[in-house]
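See structure below.
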Amino acid sequence: MNTSKDTERANDKLGFWSIVLLAINSIIGSGIFLTPGSVVSQAGSKSLVVYLIAAIFAAILAISFSAAAKYVTKSGASYAYSKAAFGDNVGFYVGILRYFSASVAWGVMAVGVIKSTISIFGGNPDSVMNVTIGFLVLMLLITIINLFGQKFVKFVMNIATAGKLFALVLIIVAGVILLLTTGASHNLAMVDQITQNGHKIVPTLTTTGFVMAIVSAFYAFTGFESVPSGSDDMQEPEKNLPRAIPLAIFVIAAIYIGVVAVGLVLNPKALMTTKQVVAISAIFDNEILRDVILVGALVSMFGINVASSFNAPRILEAMAREKQLPSSLTKRTKNNFPIRTFFISEALAILVPLAFQYNMVNLITLSAMVRFLGFIIVPLAVICFYFGKNKEQVLPAPKNVWTDIVIPILSIIVVIFLLVKYNWQAQFGIIKNGQVVGINWYAILMMVFGFIILPLLMFLFTKKKRK
């Protein structure tokens, strides 16, 4: 018999459109505001094609995650799927790795918000003291938001998503209006000929350069893989997730391509050469318009932090519900807030970046590598579900050879392609003037700790509990 409390909790859960907004919020962060110039500098007039291909790659992977969500609706995303498909040990390893990565990624994004905010207001973003103070204030604010409960978190995420979408749509609309009223447009082919200090900005495009531009653009679409982490807090996840995630990718792709197109035809040189933190705002001369875009960028980065604070704790909570970690971690407040896993996740999100003195490159390395692991293991899990080779019972979902076999195989091919073309030197080497001058031991240490030491310690610590 359903009680009024059960009904209230069901109403607090994220519905279809809230899941779509969560997915958009989890994917659109700082990238499209801060870094489109780097993609344009690599690909020039082919940038729109680059973003389109990156969106297709992301959509292929998103469909694989969506297919997994119809078989397994438990929270935890890649953890839940790998455990159901391959058993406790594989699930435990993927879960610990994914959780640590998600918590560190939360911290990285928080640092990004603070550094960007300090830069926008004319401060020194390299000051450890300035960043630490701002970092702790931001985390306190996110804690307060979460303490108000899931309903309030949902409200804040929806508002943040609406704000960032408004800013991006404004860029497109304002750009189109300027093009129509002033006629100040640039031929796309001329983008490749733009010079600075007598040298062409865009290099002669090779196959390798084109692929690296795709890899760069692809990261602007990542984040969809974390959306199913809180599926226990969603209404009918087996139905809503497979529809919501691909829809979110489609909306984001349309917006990204529109924003980059406006930049290319309106003021491509400013986009590629600006020193402004929010690079996309440089294409406009109007200060009011620039300020609105700056606010939109800050709202966007704040929103993705709130989304991270929703997703990361629920991975750890999902492992506790599966009795692979102490059951005490499943404790929630009256407001349906996973209080213990939240504060553990927040502690990691604060301490790890602080320990590495906010070095973004080293911190991003682990997060990126764990994403690639999930991008391989989830498609393999879907194929297992289709053929009934899974270790645990899954839902009797309708099987589809395209979404459950063809797309997952394409996903694995895409990931292998991205791994082969990944810029490993930039992650594990010290680069000066475009040359590798040393080994980045901090990044290697982070990888060893995340992939070997931490899972081993957690395995030994919870061995009896897992049995």
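Chain labels follow the order of the structure tokens: the first chain is A, the next B, and so on; residue numbering restarts at 1 in every chain, and ligands are counted from 1 in their shown order.
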
Can you tell me, as a JSON list (two decimals) with N, CA and C atoms, in the first residue's frame, what residues are no more than 6 Å from segment 104-113 of chain A when counting only C-alpha atoms, ignoring any on the same chain fewer than 3 positions away?
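Below is the file selection_4.json, written as the result:
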```
[["chain", "number", "residue", "atom", "x", "y", "z"],
["A", 101, "SER", "N", 36.70, 9.02, -10.13],
["A", 101, "SER", "CA", 36.81, 9.92, -11.28],
["A", 101, "SER", "C", 35.73, 11.00, -11.24],
["A", 116, "SER", "N", 37.73, 30.91, -13.65],
["A", 116, "SER", "CA", 37.08, 31.73, -14.68],
["A", 116, "SER", "C", 36.46, 32.98, -14.07],
["A", 301, "MET", "N", 28.60, 27.00, -15.88],
["A", 301, "MET", "CA", 29.61, 26.30, -15.09],
["A", 301, "MET", "C", 29.11, 25.97, -13.69],
["A", 308, "SER", "N", 27.03, 17.63, -11.03],
["A", 308, "SER", "CA", 28.05, 16.72, -10.53],
["A", 308, "SER", "C", 27.79, 16.35, -9.07],
["A", 349, "ALA", "N", 36.38, 15.81, -3.72],
["A", 349, "ALA", "CA", 36.36, 16.89, -4.71],
["A", 349, "ALA", "C", 37.16, 18.10, -4.25],
["A", 350, "ILE", "N", 37.29, 18.28, -2.94],
["A", 350, "ILE", "CA", 38.06, 19.40, -2.40],
["A", 350, "ILE", "C", 39.53, 19.03, -2.20]]
```

Skipping near chain neighbours, those fewer than 3 positions away, what residues fall within 12 Å of Leu271 of chain A using only C-alpha atoms, listed as a PyMOL selection string?
chain A and resi 32-41+44+191+194+201+259-268+274-284

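Nearest residue to Val299 of chain A, choosing from A:Ser226, A:Thr117, A:Asn400, A:Thr73 and counting only C-alpha atoms: A:Thr117.
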
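The residue that comes closest to Ile171 of chain A, out of A:Thr222, A:Asp291, A:Ser64, A:Phe121 and on the basis of only C-alpha atoms, is A:Asp291.
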
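For the set A:Val448, A:Ile304, A:Val414, A:Val128, the residue with the smallest atom-to-atom gap to Val211 of chain A is A:Val414, counting only C-alpha atoms.
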
Mind checking which residues fall within 9 Å of Pro228 of chain A, counting only C-alpha atoms, ignoring those fewer than 3 positions away in the same chain, and posting them as a ChimeraX atom specification?
/A:65-66,69,73-78,224-225,231-232,234,237,241,311

Keeping C-alpha atoms for every residue in the selection just given, could you write it to a file as a JSON list (two decimals), in the first residue's frame?
```json
[["chain", "number", "residue", "atom", "x", "y", "z"],
["A", 65, "PHE", "CA", 24.21, 3.89, -22.52],
["A", 66, "SER", "CA", 20.51, 4.35, -23.23],
["A", 69, "ALA", "CA", 19.41, 1.74, -19.09],
["A", 73, "THR", "CA", 17.49, 0.78, -13.87],
["A", 74, "LYS", "CA", 19.56, 0.81, -10.68],
["A", 75, "SER", "CA", 21.65, 3.88, -9.91],
["A", 76, "GLY", "CA", 25.35, 3.81, -10.67],
["A", 77, "ALA", "CA", 25.40, 3.95, -14.50],
["A", 78, "SER", "CA", 28.51, 2.13, -15.78],
["A", 224, "PHE", "CA", 25.99, 12.04, -20.82],
["A", 225, "GLU", "CA", 27.52, 8.87, -19.32],
["A", 231, "SER", "CA", 18.34, 6.54, -12.00],
["A", 232, "ASP", "CA", 16.80, 5.50, -8.65],
["A", 234, "MET", "CA", 14.11, 9.23, -11.75],
["A", 237, "PRO", "CA", 14.19, 5.34, -15.98],
["A", 241, "LEU", "CA", 16.54, 7.51, -20.10],
["A", 311, "ASN", "CA", 25.62, 12.33, -9.81]]
```

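Remark: for Asp88 of chain A, the closest of the candidate residues A:Ile255, A:Val215, A:Ile144, A:Met319 is A:Met319 (distances computed over only C-alpha atoms).
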
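Among A:Asn146, A:Gln425, A:Ser411, A:Thr462, the residue with the shortest atom-to-atom distance to Ala58 of chain A, counting only C-alpha atoms, is A:Ser411.
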
Residues near Ser345 of chain A, cut-off 9 Å, only C-alpha atoms, skip fewer than 5 positions along chain, as JSON, numbers by chain:
{"A": [99, 100, 102, 103, 104, 106, 309, 312, 313, 316, 340, 350]}

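Residues of segment 62-293 of chain A that DSSP, applied to the backbone, places in strand (DSSP E): Thr195, Gln196, His199 and Lys200 of chain A.
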
Can you list, as an MDAnalysis selection string, every residue of segment 309-453 of chain A that DSSP puts in alpha helix (DSSP H)?
chainID A and resid 309:321 339:355 360:387 401 407:421 424:428 441:448

Counting only C-alpha atoms, give me one row per residue of segment 58-166 of chain A with an atom at most 8 Å from an atom of segment 370-394 of chain A, showing the shortest contact pair and its distance in Å to one decimal, sorted by chain then residue number, as a tab-separated table.
```
residue	atom	partner	partner_atom	distance
A:Leu61	CA	A:Phe375	CA	6.9
A:Ser64	CA	A:Pro379	CA	5.6
A:Phe65	CA	A:Val378	CA	6.6
A:Ala67	CA	A:Val382	CA	6.7
A:Ala68	CA	A:Val382	CA	5.4
A:Tyr71	CA	A:Val394	CA	5.4
A:Val72	CA	A:Val394	CA	5.9
A:Ser78	CA	A:Gly374	CA	6.0
A:Tyr81	CA	A:Ala381	CA	6.4
A:Ser82	CA	A:Ala381	CA	6.1
A:Lys83	CA	A:Glu392	CA	7.7
A:Ala84	CA	A:Glu392	CA	4.8
A:Ala85	CA	A:Asn390	CA	4.1
A:Phe86	CA	A:Lys391	CA	5.6
A:Gly87	CA	A:Lys391	CA	5.4
A:Val94	CA	A:Gly374	CA	7.8
A:Leu97	CA	A:Val370	CA	6.8
A:Arg98	CA	A:Val370	CA	6.3
A:Ser101	CA	A:Val370	CA	6.6
```

Do a neighbour search on Val251 of chain A at 12 Å with only C-alpha atoms, toss out local chain neighbours closer than 3 positions, and write the hits as an MDAnalysis selection string.
chainID A and resid 20:21 23:25 27:28 55 59 165 168:169 221 244:248 254:258

Any chance you can output those residues with N, CA and C atoms as a PDB file, in the first residue's frame?
```
ATOM      1  N   VAL A  20      15.971  15.261 -19.310  1.00  0.00           N
ATOM      2  CA  VAL A  20      16.541  15.917 -20.488  1.00  0.00           C
ATOM      3  C   VAL A  20      17.380  17.124 -20.056  1.00  0.00           C
ATOM      4  N   LEU A  21      16.826  17.935 -19.150  1.00  0.00           N
ATOM      5  CA  LEU A  21      17.548  19.117 -18.673  1.00  0.00           C
ATOM      6  C   LEU A  21      18.784  18.729 -17.873  1.00  0.00           C
ATOM      7  N   ALA A  23      20.566  16.030 -18.387  1.00  0.00           N
ATOM      8  CA  ALA A  23      21.548  15.603 -19.389  1.00  0.00           C
ATOM      9  C   ALA A  23      22.205  16.813 -20.052  1.00  0.00           C
ATOM     10  N   ILE A  24      21.383  17.801 -20.426  1.00  0.00           N
ATOM     11  CA  ILE A  24      21.925  19.017 -21.035  1.00  0.00           C
ATOM     12  C   ILE A  24      22.859  19.726 -20.054  1.00  0.00           C
ATOM     13  N   ASN A  25      22.425  19.784 -18.798  1.00  0.00           N
ATOM     14  CA  ASN A  25      23.217  20.442 -17.757  1.00  0.00           C
ATOM     15  C   ASN A  25      24.520  19.701 -17.495  1.00  0.00           C
ATOM     16  N   ILE A  27      26.211  17.962 -19.679  1.00  0.00           N
ATOM     17  CA  ILE A  27      27.087  18.002 -20.852  1.00  0.00           C
ATOM     18  C   ILE A  27      27.596  19.411 -21.129  1.00  0.00           C
ATOM     19  N   ILE A  28      26.671  20.378 -21.169  1.00  0.00           N
ATOM     20  CA  ILE A  28      27.084  21.761 -21.453  1.00  0.00           C
ATOM     21  C   ILE A  28      27.688  22.364 -20.197  1.00  0.00           C
ATOM     22  N   ALA A  55      29.473  15.131 -32.630  1.00  0.00           N
ATOM     23  CA  ALA A  55      28.110  14.896 -32.134  1.00  0.00           C
ATOM     24  C   ALA A  55      27.625  13.500 -32.506  1.00  0.00           C
ATOM     25  N   ALA A  59      26.518  10.686 -29.954  1.00  0.00           N
ATOM     26  CA  ALA A  59      25.184  10.080 -30.063  1.00  0.00           C
ATOM     27  C   ALA A  59      25.275   8.562 -30.100  1.00  0.00           C
ATOM     28  N   LEU A 165      21.126  27.739 -21.687  1.00  0.00           N
ATOM     29  CA  LEU A 165      20.511  27.636 -23.008  1.00  0.00           C
ATOM     30  C   LEU A 165      20.127  29.012 -23.539  1.00  0.00           C
ATOM     31  N   LEU A 168      23.293  30.712 -24.857  1.00  0.00           N
ATOM     32  CA  LEU A 168      23.758  30.150 -26.128  1.00  0.00           C
ATOM     33  C   LEU A 168      22.822  30.503 -27.276  1.00  0.00           C
ATOM     34  N   VAL A 169      21.510  30.443 -27.013  1.00  0.00           N
ATOM     35  CA  VAL A 169      20.546  30.828 -28.050  1.00  0.00           C
ATOM     36  C   VAL A 169      20.683  32.315 -28.363  1.00  0.00           C
ATOM     37  N   PHE A 221      31.002  17.160 -25.666  1.00  0.00           N
ATOM     38  CA  PHE A 221      29.760  16.388 -25.593  1.00  0.00           C
ATOM     39  C   PHE A 221      29.774  15.347 -24.474  1.00  0.00           C
ATOM     40  N   ALA A 244      15.520  10.334 -23.316  1.00  0.00           N
ATOM     41  CA  ALA A 244      15.994  11.650 -22.867  1.00  0.00           C
ATOM     42  C   ALA A 244      17.428  11.939 -23.301  1.00  0.00           C
ATOM     43  N   ILE A 245      18.339  10.955 -23.160  1.00  0.00           N
ATOM     44  CA  ILE A 245      19.756  11.211 -23.448  1.00  0.00           C
ATOM     45  C   ILE A 245      19.995  11.513 -24.925  1.00  0.00           C
ATOM     46  N   PRO A 246      19.483  10.700 -25.875  1.00  0.00           N
ATOM     47  CA  PRO A 246      19.688  11.054 -27.288  1.00  0.00           C
ATOM     48  C   PRO A 246      19.056  12.396 -27.667  1.00  0.00           C
ATOM     49  N   LEU A 247      17.892  12.713 -27.073  1.00  0.00           N
ATOM     50  CA  LEU A 247      17.260  14.007 -27.349  1.00  0.00           C
ATOM     51  C   LEU A 247      18.161  15.144 -26.884  1.00  0.00           C
ATOM     52  N   ALA A 248      18.751  14.989 -25.699  1.00  0.00           N
ATOM     53  CA  ALA A 248      19.649  16.020 -25.170  1.00  0.00           C
ATOM     54  C   ALA A 248      20.857  16.207 -26.087  1.00  0.00           C
ATOM     55  N   ALA A 254      22.791  20.820 -32.082  1.00  0.00           N
ATOM     56  CA  ALA A 254      22.227  21.927 -32.848  1.00  0.00           C
ATOM     57  C   ALA A 254      22.719  23.269 -32.308  1.00  0.00           C
ATOM     58  N   ILE A 255      22.771  23.390 -30.984  1.00  0.00           N
ATOM     59  CA  ILE A 255      23.209  24.646 -30.369  1.00  0.00           C
ATOM     60  C   ILE A 255      24.700  24.876 -30.607  1.00  0.00           C
ATOM     61  N   TYR A 256      25.513  23.850 -30.389  1.00  0.00           N
ATOM     62  CA  TYR A 256      26.959  23.985 -30.588  1.00  0.00           C
ATOM     63  C   TYR A 256      27.285  24.414 -32.015  1.00  0.00           C
ATOM     64  N   ILE A 257      26.688  23.723 -32.983  1.00  0.00           N
ATOM     65  CA  ILE A 257      26.964  24.027 -34.388  1.00  0.00           C
ATOM     66  C   ILE A 257      26.499  25.439 -34.724  1.00  0.00           C
ATOM     67  N   GLY A 258      25.340  25.845 -34.170  1.00  0.00           N
ATOM     68  CA  GLY A 258      24.845  27.206 -34.395  1.00  0.00           C
ATOM     69  C   GLY A 258      25.782  28.254 -33.832  1.00  0.00           C
TER      70      GLY A 258
END
```
